[in-house]
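Visitor: What follows is query_36.pdb, made up of PDB, C-alpha atoms and all ligand atoms:
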```pdb
ATOM      1  CA  MET A   1       0.000   0.000   0.000
ATOM      2  CA  PHE A   2       1.249   3.516  -0.806
ATOM      3  CA  PRO A   3       1.775   5.901   2.078
ATOM      4  CA  PRO A   4      -0.768   8.718   2.302
ATOM      5  CA  CYS A   5       0.167  11.707   0.152
ATOM      6  CA  LEU A   6       1.680  14.406   2.348
ATOM      7  CA  PRO A   7       2.086  18.032   1.297
ATOM      8  CA  VAL A   8       5.736  17.907   0.267
ATOM      9  CA  TYR A   9       6.298  21.645   0.534
ATOM     10  CA  PHE A  10       5.484  21.559   4.217
ATOM     11  CA  PHE A  11       8.567  19.440   4.808
ATOM     12  CA  ALA A  12      10.718  20.710   1.996
ATOM     13  CA  PHE A  13      10.341  24.433   2.678
ATOM     14  CA  PRO A  14      10.140  25.207   6.360
ATOM     15  CA  MET A  15      11.964  28.450   7.074
ATOM     16  CA  ASN A  16      13.477  29.052  10.466
ATOM     17  CA  GLU A  17      16.282  31.020  12.007
ATOM     18  CA  ARG A  18      18.855  28.322  11.412
ATOM     19  CA  SER A  19      17.964  27.703   7.764
ATOM     20  CA  LEU A  20      18.097  31.438   7.186
ATOM     21  CA  GLN A  21      21.459  31.789   8.903
ATOM     22  CA  THR A  22      22.828  28.987   6.743
ATOM     23  CA  ALA A  23      21.537  30.568   3.530
ATOM     24  CA  LEU A  24      22.982  33.969   4.479
ATOM     25  CA  ALA A  25      26.275  32.660   5.899
ATOM     26  CA  HIS A  26      28.329  33.946   2.947
ATOM     27  CA  LEU A  27      27.063  37.496   3.489
ATOM     28  CA  ASN A  28      28.619  39.852   5.961
ATOM     29  CA  ILE A  29      25.352  40.782   7.670
ATOM     30  CA  GLY A  30      25.254  43.064  10.693
ATOM     31  CA  GLY A  31      22.765  40.923  12.612
ATOM     32  CA  LEU A  32      19.639  38.832  12.165
ATOM     33  CA  ARG A  33      16.320  38.829  13.988
ATOM     34  CA  TYR A  34      13.930  36.122  12.847
ATOM     35  CA  PHE A  35      10.274  35.746  13.842
ATOM     36  CA  ASP A  36       7.760  32.994  13.088
ATOM     37  CA  SER A  37       5.126  35.711  13.229
ATOM     38  CA  ILE A  38       5.406  39.460  13.649
ATOM     39  CA  GLY A  39       3.251  42.562  13.183
ATOM     40  CA  SER A  40       5.556  44.271  10.690
ATOM     41  CA  THR A  41       9.237  43.600   9.977
ATOM     42  CA  ASN A  42       9.670  47.315   9.149
ATOM     43  CA  ASP A  43       8.371  48.339  12.596
ATOM     44  CA  GLU A  44      10.804  45.932  14.268
ATOM     45  CA  ALA A  45      13.664  47.150  12.049
ATOM     46  CA  LEU A  46      12.880  50.831  12.724
ATOM     47  CA  ALA A  47      12.956  50.153  16.485
ATOM     48  CA  TRP A  48      16.175  48.128  16.181
ATOM     49  CA  ALA A  49      17.788  50.820  14.019
ATOM     50  CA  ALA A  50      16.904  53.460  16.625
ATOM     51  CA  ASP A  51      18.445  51.126  19.204
ATOM     52  CA  GLY A  52      21.794  50.893  17.411
ATOM     53  CA  ALA A  53      21.457  48.024  14.904
ATOM     54  CA  ARG A  54      24.542  47.659  12.729
ATOM     55  CA  ASP A  55      24.656  48.298   8.989
ATOM     56  CA  PHE A  56      23.131  45.486   6.904
ATOM     57  CA  SER A  57      21.164  43.995   9.805
ATOM     58  CA  ILE A  58      18.132  41.965   8.815
ATOM     59  CA  VAL A  59      14.692  41.375  10.266
ATOM     60  CA  ALA A  60      12.851  38.478   8.649
ATOM     61  CA  ALA A  61       9.592  36.745   9.415
ATOM     62  CA  ASP A  62       7.583  33.798   8.189
ATOM     63  CA  GLU A  63       4.335  35.707   8.653
ATOM     64  CA  GLN A  64       3.323  39.354   9.080
ATOM     65  CA  THR A  65       0.019  40.176  10.735
ATOM     66  CA  ARG A  66       0.180  43.942  10.138
ATOM     67  CA  GLY A  67       2.440  44.227   7.090
ATOM     68  CA  ARG A  68       2.368  47.712   5.579
ATOM     69  CA  GLY A  69       2.540  49.145   2.098
ATOM     70  CA  ARG A  70       2.774  52.833   1.288
ATOM     71  CA  LEU A  71       0.160  55.229   2.647
ATOM     72  CA  ASN A  72      -0.552  52.661   5.366
ATOM     73  CA  ARG A  73      -2.013  50.217   2.892
ATOM     74  CA  LYS A  74      -1.904  46.583   3.933
ATOM     75  CA  TRP A  75       0.721  44.150   2.719
ATOM     76  CA  PHE A  76      -0.279  40.499   3.075
ATOM     77  CA  THR A  77       2.317  37.963   4.211
ATOM     78  CA  PRO A  78       0.584  34.699   5.012
ATOM     79  CA  LYS A  79       2.758  32.126   6.717
ATOM     80  CA  GLY A  80       4.786  29.473   4.968
ATOM     81  CA  SER A  81       4.789  31.062   1.531
ATOM     82  CA  ALA A  82       6.312  34.521   1.276
ATOM     83  CA  ILE A  83       9.380  36.565   2.123
ATOM     84  CA  ALA A  84       8.987  39.420   4.589
ATOM     85  CA  MET A  85      12.334  41.060   5.195
ATOM     86  CA  SER A  86      13.540  44.461   6.334
ATOM     87  CA  LEU A  87      17.114  45.513   5.750
ATOM     88  CA  ILE A  88      18.703  48.167   7.966
ATOM     89  CA  LEU A  89      21.278  50.365   6.272
ATOM     90  CA  ARG A  90      23.557  52.996   7.701
ATOM     91  CA  PRO A  91      24.454  54.842   4.530
ATOM     92  CA  ALA A  92      28.062  55.950   4.180
ATOM     93  CA  ALA A  93      28.690  59.647   3.454
ATOM     94  CA  ASP A  94      29.350  59.039  -0.252
ATOM     95  CA  LEU A  95      25.907  57.459  -0.701
ATOM     96  CA  ARG A  96      23.944  60.146   1.153
ATOM     97  CA  PRO A  97      23.431  62.471  -1.845
ATOM     98  CA  HIS A  98      21.835  59.547  -3.712
ATOM     99  CA  LEU A  99      19.366  58.189  -1.176
ATOM    100  CA  ALA A 100      16.363  59.218  -3.294
ATOM    101  CA  ARG A 101      17.419  56.270  -5.464
ATOM    102  CA  THR A 102      16.979  53.758  -2.641
ATOM    103  CA  VAL A 103      13.622  52.444  -3.801
ATOM    104  CA  GLY A 104      15.048  51.827  -7.293
ATOM    105  CA  TRP A 105      18.094  50.125  -5.799
ATOM    106  CA  ALA A 106      15.843  47.748  -3.830
ATOM    107  CA  ALA A 107      13.579  47.114  -6.811
ATOM    108  CA  LEU A 108      16.591  46.384  -9.046
ATOM    109  CA  ALA A 109      17.906  43.901  -6.465
ATOM    110  CA  ILE A 110      14.659  41.933  -6.792
ATOM    111  CA  VAL A 111      14.737  42.271 -10.588
ATOM    112  CA  LYS A 112      18.293  40.828 -10.639
ATOM    113  CA  ALA A 113      17.332  37.916  -8.386
ATOM    114  CA  CYS A 114      14.378  37.179 -10.699
ATOM    115  CA  ALA A 115      16.659  37.354 -13.766
ATOM    116  CA  GLU A 116      18.850  34.658 -12.198
ATOM    117  CA  LEU A 117      15.766  32.413 -12.284
ATOM    118  CA  GLY A 118      15.184  33.337 -15.939
ATOM    119  CA  LEU A 119      12.334  35.745 -15.144
ATOM    120  CA  ALA A 120      12.159  39.227 -16.685
ATOM    121  CA  ALA A 121      10.683  41.401 -13.942
ATOM    122  CA  ARG A 122       9.506  44.974 -14.450
ATOM    123  CA  ILE A 123       9.353  47.831 -11.967
ATOM    124  CA  LYS A 124       6.023  49.553 -11.528
ATOM    125  CA  TRP A 125       7.435  52.883 -10.419
ATOM    126  CA  PRO A 126       8.229  53.540  -7.734
ATOM    127  CA  ASN A 127       8.040  50.467  -5.534
ATOM    128  CA  ASP A 128       6.380  47.394  -7.033
ATOM    129  CA  ILE A 129       7.881  44.500  -8.971
ATOM    130  CA  LEU A 130       5.857  42.822 -11.685
ATOM    131  CA  LEU A 131       6.113  39.514 -13.489
ATOM    132  CA  ASP A 132       3.794  39.055 -16.458
ATOM    133  CA  ALA A 133       2.165  42.386 -15.467
ATOM    134  CA  LYS A 134       1.246  41.070 -12.015
ATOM    135  CA  LYS A 135       2.633  42.273  -8.720
ATOM    136  CA  ILE A 136       4.923  39.730  -7.072
ATOM    137  CA  ALA A 137       6.807  42.013  -4.693
ATOM    138  CA  GLY A 138       6.715  45.408  -3.067
ATOM    139  CA  VAL A 139       9.261  47.670  -1.405
ATOM    140  CA  LEU A 140       8.681  50.109   1.451
ATOM    141  CA  VAL A 141      11.566  52.438   2.344
ATOM    142  CA  GLU A 142      11.436  54.256   5.682
ATOM    143  CA  ALA A 143      14.022  56.306   7.535
ATOM    144  CA  VAL A 144      15.187  56.877  11.096
ATOM    145  CA  TRP A 145      16.074  60.549  11.463
ATOM    146  CA  SER A 146      18.550  62.182  13.766
ATOM    147  CA  GLY A 147      17.650  65.868  13.524
ATOM    148  CA  ASP A 148      17.865  66.728   9.828
ATOM    149  CA  ASP A 149      20.109  63.749   9.046
ATOM    150  CA  ILE A 150      19.168  60.217   8.093
ATOM    151  CA  ASP A 151      20.530  57.956  10.781
ATOM    152  CA  ALA A 152      19.388  54.709   9.174
ATOM    153  CA  LEU A 153      17.256  53.468   6.324
ATOM    154  CA  VAL A 154      14.920  50.536   6.588
ATOM    155  CA  ILE A 155      14.127  48.816   3.307
ATOM    156  CA  GLY A 156      11.130  46.535   3.673
ATOM    157  CA  VAL A 157      10.649  43.883   1.033
ATOM    158  CA  GLY A 158       7.663  41.586   0.601
ATOM    159  CA  ILE A 159       7.928  38.865  -2.048
ATOM    160  CA  ASN A 160       5.247  36.359  -3.040
ATOM    161  CA  VAL A 161       7.169  33.123  -3.474
ATOM    162  CA  ARG A 162       4.620  30.336  -3.352
ATOM    163  CA  LYS A 163       1.110  30.470  -4.782
ATOM    164  CA  GLU A 164      -0.398  30.499  -1.305
ATOM    165  CA  SER A 165       1.106  33.948  -0.691
ATOM    166  CA  VAL A 166      -1.069  35.672  -3.316
ATOM    167  CA  PRO A 167      -3.941  37.588  -1.715
ATOM    168  CA  PRO A 168      -7.486  37.058  -2.987
ATOM    169  CA  ALA A 169      -8.259  39.292  -5.981
ATOM    170  CA  ALA A 170     -11.048  41.052  -4.070
ATOM    171  CA  ALA A 171      -8.448  42.441  -1.648
ATOM    172  CA  LEU A 172      -6.366  44.016  -4.435
ATOM    173  CA  GLN A 173      -6.401  47.028  -6.723
ATOM    174  CA  PHE A 174      -3.728  45.563  -8.981
ATOM    175  CA  PRO A 175      -3.391  41.901 -10.084
ATOM    176  CA  ALA A 176      -0.949  39.833  -8.037
ATOM    177  CA  ALA A 177       0.988  36.612  -8.603
ATOM    178  CA  SER A 178       3.913  34.672  -7.150
ATOM    179  CA  LEU A 179       7.315  33.420  -8.285
ATOM    180  CA  GLU A 180       5.762  29.971  -8.440
ATOM    181  CA  ASP A 181       3.056  31.235 -10.833
ATOM    182  CA  ALA A 182       5.644  32.893 -13.065
ATOM    183  CA  LEU A 183       8.000  29.914 -13.080
ATOM    184  CA  GLY A 184       5.223  27.390 -13.605
ATOM    185  CA  LYS A 185       7.084  25.028 -11.315
ATOM    186  CA  GLU A 186       8.392  24.663  -7.770
ATOM    187  CA  PRO A 187      10.019  27.974  -6.759
ATOM    188  CA  PRO A 188      13.333  28.093  -4.895
ATOM    189  CA  ALA A 189      13.305  27.898  -1.105
ATOM    190  CA  ARG A 190      12.550  31.298   0.377
ATOM    191  CA  GLU A 191      15.921  31.525   2.161
ATOM    192  CA  GLU A 192      17.704  30.795  -1.095
ATOM    193  CA  PHE A 193      15.820  33.488  -2.992
ATOM    194  CA  LEU A 194      16.331  35.969  -0.151
ATOM    195  CA  ALA A 195      20.079  35.295  -0.284
ATOM    196  CA  ARG A 196      20.009  36.096  -4.024
ATOM    197  CA  VAL A 197      18.139  39.338  -3.342
ATOM    198  CA  LEU A 198      20.677  40.353  -0.691
ATOM    199  CA  ASP A 199      23.598  39.499  -2.995
ATOM    200  CA  ALA A 200      21.942  41.748  -5.577
ATOM    201  CA  PHE A 201      21.505  44.507  -2.974
ATOM    202  CA  ILE A 202      25.271  44.458  -2.492
ATOM    203  CA  HIS A 203      25.819  44.452  -6.262
ATOM    204  CA  TRP A 204      23.674  47.576  -6.680
ATOM    205  CA  ARG A 205      24.953  49.295  -3.529
ATOM    206  CA  ALA A 206      28.346  49.515  -5.213
ATOM    207  CA  ARG A 207      26.595  51.202  -8.170
ATOM    208  CA  LEU A 208      24.117  53.441  -6.357
ATOM    209  CA  ARG A 209      25.919  56.592  -7.541
ATOM    210  CA  THR A 210      26.300  55.499 -11.150
ATOM    211  CA  ASP A 211      24.354  56.133 -14.351
ATOM    212  CA  GLU A 212      24.278  52.352 -14.758
ATOM    213  CA  LEU A 213      21.686  52.154 -11.988
ATOM    214  CA  ILE A 214      19.407  54.734 -13.612
ATOM    215  CA  GLN A 215      19.831  53.019 -16.963
ATOM    216  CA  ALA A 216      18.900  49.628 -15.491
ATOM    217  CA  TRP A 217      15.952  51.237 -13.697
ATOM    218  CA  ASN A 218      14.729  52.682 -16.992
ATOM    219  CA  GLU A 219      15.237  49.400 -18.822
ATOM    220  CA  ALA A 220      13.141  47.587 -16.221
ATOM    221  CA  LEU A 221      10.483  50.296 -16.012
ATOM    222  CA  ALA A 222       6.940  49.015 -16.594
ATOM    223  CA  PHE A 223       4.549  51.104 -18.749
ATOM    224  CA  ARG A 224       7.387  53.145 -20.272
ATOM    225  CA  GLY A 225       6.019  55.053 -23.246
ATOM    226  CA  GLU A 226       2.481  54.126 -22.205
ATOM    227  CA  GLN A 227      -0.378  56.167 -20.807
ATOM    228  CA  ILE A 228      -0.602  55.902 -17.057
ATOM    229  CA  GLN A 229      -2.596  57.389 -14.232
ATOM    230  CA  ILE A 230      -0.764  58.898 -11.295
ATOM    231  CA  HIS A 231      -2.418  58.775  -7.910
ATOM    232  CA  ALA A 232      -0.788  61.151  -5.431
ATOM    233  CA  GLY A 233      -2.318  60.906  -1.971
ATOM    234  CA  ASP A 234      -5.934  62.106  -2.000
ATOM    235  CA  GLU A 235      -5.497  64.366  -5.021
ATOM    236  CA  THR A 236      -7.453  63.718  -8.217
ATOM    237  CA  PRO A 237      -5.383  61.297 -10.323
ATOM    238  CA  SER A 238      -3.586  62.854 -13.261
ATOM    239  CA  ALA A 239      -2.830  61.097 -16.546
ATOM    240  CA  GLY A 240       0.075  61.130 -18.952
ATOM    241  CA  GLU A 241       2.773  59.200 -20.774
ATOM    242  CA  ALA A 242       5.502  57.646 -18.609
ATOM    243  CA  LEU A 243       8.748  58.857 -20.199
ATOM    244  CA  GLY A 244      11.387  57.539 -17.826
ATOM    245  CA  VAL A 245      13.224  57.829 -14.519
ATOM    246  CA  GLU A 246      15.392  60.876 -13.737
ATOM    247  CA  THR A 247      18.735  60.768 -11.935
ATOM    248  CA  ASP A 248      17.014  61.468  -8.592
ATOM    249  CA  GLY A 249      14.492  58.647  -9.096
ATOM    250  CA  SER A 250      11.634  60.956 -10.140
ATOM    251  CA  LEU A 251       9.338  59.797 -12.928
ATOM    252  CA  ARG A 252       9.144  62.044 -15.998
ATOM    253  CA  VAL A 253       5.591  62.230 -17.347
ATOM    254  CA  ARG A 254       4.165  64.006 -20.400
ATOM    255  CA  HIS A 255       0.628  65.291 -19.909
ATOM    256  CA  ALA A 256      -1.902  65.361 -22.759
ATOM    257  CA  ASP A 257      -1.251  69.109 -23.284
ATOM    258  CA  GLY A 258       2.434  68.338 -23.901
ATOM    259  CA  LYS A 259       3.584  69.658 -20.524
ATOM    260  CA  ILE A 260       6.339  67.572 -18.940
ATOM    261  CA  VAL A 261       6.248  67.096 -15.167
ATOM    262  CA  LEU A 262       8.423  65.241 -12.684
ATOM    263  CA  VAL A 263       6.645  63.059 -10.135
ATOM    264  CA  ARG A 264       8.850  62.630  -7.111
ATOM    265  CA  VAL A 265       9.262  59.409  -5.160
ATOM    266  CA  GLY A 266       6.859  59.931  -2.299
ATOM    267  CA  ASP A 267       3.305  59.162  -1.475
ATOM    268  CA  VAL A 268       2.193  58.376  -4.962
ATOM    269  CA  SER A 269       0.856  55.265  -6.571
ATOM    270  CA  LEU A 270       0.745  54.506 -10.234
ATOM    271  CA  ARG A 271      -1.556  52.344 -12.319
ATOM    272  CA  PRO A 272      -2.009  51.690 -16.027
ATOM    273  CA  ARG A 273      -4.763  53.887 -17.375
ATOM    274  CA  ALA A 274      -8.124  52.115 -17.580
TER
HETATM  275  P1  LIG A 301       0.357  50.612  -4.659
HETATM  276  O1  LIG A 301       0.012  49.320  -5.334
HETATM  277  O2  LIG A 301      -0.730  51.611  -4.767
HETATM  278  O3  LIG A 301       1.680  51.144  -5.102
HETATM  279  P2  LIG A 301       1.623  49.669  -2.247
HETATM  280  O4  LIG A 301       2.843  49.515  -3.063
HETATM  281  O5  LIG A 301       1.710  50.422  -1.002
HETATM  282  O6  LIG A 301       0.452  50.301  -3.107
HETATM  283  O7  LIG A 301       1.126  48.197  -1.896
HETATM  284  C1  LIG A 301      -0.017  47.996  -1.100
HETATM  285  C2  LIG A 301      -1.110  47.371  -1.939
HETATM  286  O8  LIG A 301      -0.626  46.145  -2.513
HETATM  287  C3  LIG A 301      -2.321  46.957  -1.113
HETATM  288  O9  LIG A 301      -3.267  47.992  -1.054
HETATM  289  C4  LIG A 301      -2.857  45.725  -1.847
HETATM  290  O10 LIG A 301      -3.766  46.133  -2.853
HETATM  291  C5  LIG A 301      -1.641  45.163  -2.539
HETATM  292  N1  LIG A 301      -1.079  43.970  -1.848
HETATM  293  C6  LIG A 301      -1.044  43.680  -0.539
HETATM  294  N2  LIG A 301      -0.397  42.552  -0.286
HETATM  295  C7  LIG A 301       0.005  42.072  -1.480
HETATM  296  C8  LIG A 301       0.736  40.912  -1.881
HETATM  297  N3  LIG A 301       1.190  40.021  -1.020
HETATM  298  N4  LIG A 301       0.944  40.765  -3.207
HETATM  299  C9  LIG A 301       0.508  41.666  -4.129
HETATM  300  N5  LIG A 301      -0.178  42.778  -3.805
HETATM  301  C10 LIG A 301      -0.435  42.983  -2.492
END
```
Can you turn what I pasted into structure tokens?

Guide:
Amino acid sequence: MFPPCLPVYFFAFPMNERSLQTALAHLNIGGLRYFDSIGSTNDEALAWAADGARDFSIVAADEQTRGRGRLNRKWFTPKGSAIAMSLILRPAADLRPHLARTVGWAALAIVKACAELGLAARIKWPNDILLDAKKIAGVLVEAVWSGDDIDALVIGVGINVRKESVPPAAALQFPAASLEDALGKEPPAREEFLARVLDAFIHWRARLRTDELIQAWNEALAFRGEQIQIHAGDETPSAGEALGVETDGSLRVRHADGKIVLVRVGDVSLRPRA
């Protein structure tokens, strides 16, 4: 008689502190805090950063119960299927003039990790990563201030790895998918993919000041040359053609009357025009 069929992934893909430490062993991380369940990894990282966390310290969790997107929107991280990670950075003086590029840097790290799996990801400016025009990851950058200076940056990353991580369509304004959906087969273990993302963070950190980063950001930009709607806070959405990313990470947009405006990285959200 055959043994009963057990859900293989349950055994093959448990993530815990030790498996994470093993996967990240080759990286020179500042510290690691791992949680089976947490409210928000960014909240924990902000508190840790204010309490002296070292550069490149990591907060990771299997599940988030109060994960945040921009403008206090919810980010879903159900257990066992997604990556919820916040990276604490203490930017060196030479990087400080370029911190407006941080969201692009983080997005490009995820794009590079996807490319290593053979997946061509696009960046829905400023902070979402798409595969096949569906959102598979989001980035939330927050800062710890010391007077007028940035003391630390917290880069929160949520990545849908397994199918089970994708929220129900009714909960979303933009279609979502997972790495598993895009690959059409078993995705890598979450620790393994996270290690790739962190390797790519280091790759792009060395290039944060360069034109290469802006060029890569533009090459990966979703909806480039297309009509888009820009939602900025509670203001009435405006429409225009997405032209490209500027050196400070702003999005250049051409309105219907021909006027060109720069939309700064801030509390804006962007969707293809209906
Ligand atoms: P926006 O899509 O407007 O840029 P955010 O980047 O802040 O907004 O992301 C938050 C939004 O993402 C939520 O309002 C929700 O619609 C959607 N969302 C939440 N969790 C997930 C997830 N795991 N995968 C894909 N989309 C999600």

Visitor: One decimal, in Å: what's the spacing between atom N3 of ligand LIG 301 (chain A) and CA of Gly249 in chain A?

Guide: 24.3 Å

Visitor: Find the spatial neighbours of Thr77 in chain A, counting all atoms listed in the file, within a cut-off of 12 Å - ignore same-chain residues fewer than 5 positions away - and output them as a JSON list (two decimals) with C-alpha atoms, in the coordinates of the input.

Guide:
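The result, stored in result_18.json:
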```json
[["chain", "number", "residue", "atom", "x", "y", "z"],
["A", 36, "ASP", "CA", 7.76, 32.99, 13.09],
["A", 37, "SER", "CA", 5.13, 35.71, 13.23],
["A", 38, "ILE", "CA", 5.41, 39.46, 13.65],
["A", 39, "GLY", "CA", 3.25, 42.56, 13.18],
["A", 40, "SER", "CA", 5.56, 44.27, 10.69],
["A", 41, "THR", "CA", 9.24, 43.60, 9.98],
["A", 60, "ALA", "CA", 12.85, 38.48, 8.65],
["A", 61, "ALA", "CA", 9.59, 36.74, 9.41],
["A", 62, "ASP", "CA", 7.58, 33.80, 8.19],
["A", 63, "GLU", "CA", 4.34, 35.71, 8.65],
["A", 64, "GLN", "CA", 3.32, 39.35, 9.08],
["A", 65, "THR", "CA", 0.02, 40.18, 10.74],
["A", 66, "ARG", "CA", 0.18, 43.94, 10.14],
["A", 67, "GLY", "CA", 2.44, 44.23, 7.09],
["A", 68, "ARG", "CA", 2.37, 47.71, 5.58],
["A", 69, "GLY", "CA", 2.54, 49.14, 2.10],
["A", 82, "ALA", "CA", 6.31, 34.52, 1.28],
["A", 83, "ILE", "CA", 9.38, 36.56, 2.12],
["A", 84, "ALA", "CA", 8.99, 39.42, 4.59],
["A", 85, "MET", "CA", 12.33, 41.06, 5.20],
["A", 136, "ILE", "CA", 4.92, 39.73, -7.07],
["A", 137, "ALA", "CA", 6.81, 42.01, -4.69],
["A", 138, "GLY", "CA", 6.72, 45.41, -3.07],
["A", 157, "VAL", "CA", 10.65, 43.88, 1.03],
["A", 158, "GLY", "CA", 7.66, 41.59, 0.60],
["A", 159, "ILE", "CA", 7.93, 38.86, -2.05],
["A", 160, "ASN", "CA", 5.25, 36.36, -3.04],
["A", 161, "VAL", "CA", 7.17, 33.12, -3.47],
["A", 162, "ARG", "CA", 4.62, 30.34, -3.35],
["A", 163, "LYS", "CA", 1.11, 30.47, -4.78],
["A", 164, "GLU", "CA", -0.40, 30.50, -1.30],
["A", 165, "SER", "CA", 1.11, 33.95, -0.69],
["A", 166, "VAL", "CA", -1.07, 35.67, -3.32],
["A", 167, "PRO", "CA", -3.94, 37.59, -1.72],
["A", 178, "SER", "CA", 3.91, 34.67, -7.15]]
```

Visitor: So, with only C-alpha atoms as the atoms that count, which of A:His255, A:Glu219, A:Ile110, A:Arg190 lies closest to Pro237 in chain A?

Guide: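 Selected residue with least distance to Pro237 in chain A: A:His255.
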
Visitor: Kindly provide, as a ChimeraX atom specification, the polymer residues lying within 12 Å of (28.4, 55.7, 3.9), counting all atoms listed in the file and using the coordinates exactly as they appear in the file.

Guide: /A:55-56,89-99,150-153,205-206,208-209

Visitor: Let me know the centre plus edge lengths, in Å and rounded to one decimal, of a box with edges along x, y and z that contains all listed atoms of ligand LIG 301 (chain A) and is padded by 6 Å on every side, as lines of an AutoDock Vina configuration file.

Guide:
```
center_x = -0.5
center_y = 45.8
center_z = -2.8
size_x = 18.6
size_y = 23.6
size_z = 17.0
```

Visitor: Leaving out Ala109 in chain A and any residue of its chain fewer than 4 positions from it, which residues lie within 9 Å of it when counting all atoms listed in the file, given as a count of residues only?

Guide: 13

Visitor: With the file shown as input, list the residues that the PyMOL selection byres (((chain A and resi 121-124) around 9) and not hetatm) selects, as a ChimeraX atom specification.

Guide: /A:104,107-108,110-112,114-115,119-120,125-133,135,217-223,270-271

Visitor: Under the rule that all atoms listed in the file are counted, which of A:Ile260, A:Ile214, A:Ala170, A:Leu251 is the nearest residue to ligand LIG 301 (chain A)?

Guide: A:Ala170

Visitor: Between CA of Lys79 in chain A and atom N3 of ligand LIG 301 (chain A), what distance in Å does the model show, to one decimal?

Guide: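 Pair CA of Lys79 in chain A / atom N3 of ligand LIG 301 (chain A) returns 11.2 Å.
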
Visitor: How would you write, as a PyMOL selection string, the residues chosen by the PyMOL selection byres (((chain A and resi 183) around 10) and not hetatm) on this structure?

Guide: chain A and resi 114+117-119+131+178-182+184-188

Visitor: Return the single residue from A:Lys259, A:His231, A:Arg54, A:Arg264 that is closest to ligand LIG 301 (chain A), with distances computed using only C-alpha atoms and all ligand atoms.

Guide: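 Nearest to ligand LIG 301 (chain A): A:His231.
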
Visitor: One decimal, in Å: what's the spacing between CA of Tyr34 in chain A and CA of Leu20 in chain A?

Guide: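 Pair CA of Tyr34 in chain A / CA of Leu20 in chain A returns 8.4 Å.
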
Visitor: Taking all atoms listed in the file into account, name the residue in A:Arg101, A:Arg70, A:Arg207, A:Arg224 that is nearest to ligand LIG 301 (chain A).

Guide: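 Ranking A:Arg101, A:Arg70, A:Arg207, A:Arg224 by distance to ligand LIG 301 (chain A), first place goes to A:Arg70.
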
Visitor: Nearest residue to Glu212 in chain A out of A:Ala177, A:Thr247, A:Ala100, A:Ala189, using all atoms listed in the file?

Guide: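 Among the listed residues, the smallest separation from Glu212 in chain A belongs to A:Thr247.
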
Visitor: Mind telling me what the PyMOL selection byres (((chain A and resi 24) around 9) and not hetatm) catches here, as a list in words?

Guide: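 That expression, the PyMOL selection byres (((chain A and resi 24) around 9) and not hetatm), corresponds here to Ser19, Leu20, Gln21, Thr22, Ala23, Ala25, His26, Leu27, Asn28, Ile29, Glu191, Glu192, Leu194, Ala195 and Leu198 of chain A.
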
Visitor: Regenerate range 65-77 of chain A at the level of N, CA and C atoms and dump it as a compact mmCIF listing (two decimals), in the frame of the given file.

Guide:
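As written to disk, rebuild_25.txt reads:
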```txt
# COMPACT_ATOMS: atom_id res chain seq x y z
N THR A 65 1.46 40.01 10.45
CA THR A 65 0.02 40.18 10.74
C THR A 65 -0.44 41.61 10.48
N ARG A 66 0.53 42.54 10.44
CA ARG A 66 0.18 43.94 10.14
C ARG A 66 1.19 44.53 9.16
N GLY A 67 1.49 43.76 8.11
CA GLY A 67 2.44 44.23 7.09
C GLY A 67 1.89 45.49 6.42
N ARG A 68 2.80 46.42 6.13
CA ARG A 68 2.37 47.71 5.58
C ARG A 68 2.89 47.93 4.18
N GLY A 69 2.07 48.60 3.37
CA GLY A 69 2.54 49.14 2.10
C GLY A 69 2.65 50.65 2.29
N ARG A 70 2.73 51.38 1.16
CA ARG A 70 2.77 52.83 1.29
C ARG A 70 1.42 53.35 1.74
N LEU A 71 1.40 54.57 2.23
CA LEU A 71 0.16 55.23 2.65
C LEU A 71 -0.65 54.34 3.60
N ASN A 72 0.08 53.57 4.40
CA ASN A 72 -0.55 52.66 5.37
C ASN A 72 -1.49 51.62 4.75
N ARG A 73 -1.26 51.32 3.48
CA ARG A 73 -2.01 50.22 2.89
C ARG A 73 -1.48 48.91 3.47
N LYS A 74 -2.31 47.88 3.35
CA LYS A 74 -1.90 46.58 3.93
C LYS A 74 -1.03 45.80 2.97
N TRP A 75 -0.04 45.11 3.52
CA TRP A 75 0.72 44.15 2.72
C TRP A 75 0.53 42.77 3.35
N PHE A 76 0.04 41.82 2.55
CA PHE A 76 -0.28 40.50 3.08
C PHE A 76 0.95 39.59 3.04
N THR A 77 1.25 38.96 4.16
CA THR A 77 2.32 37.96 4.21
C THR A 77 1.81 36.75 4.98
```
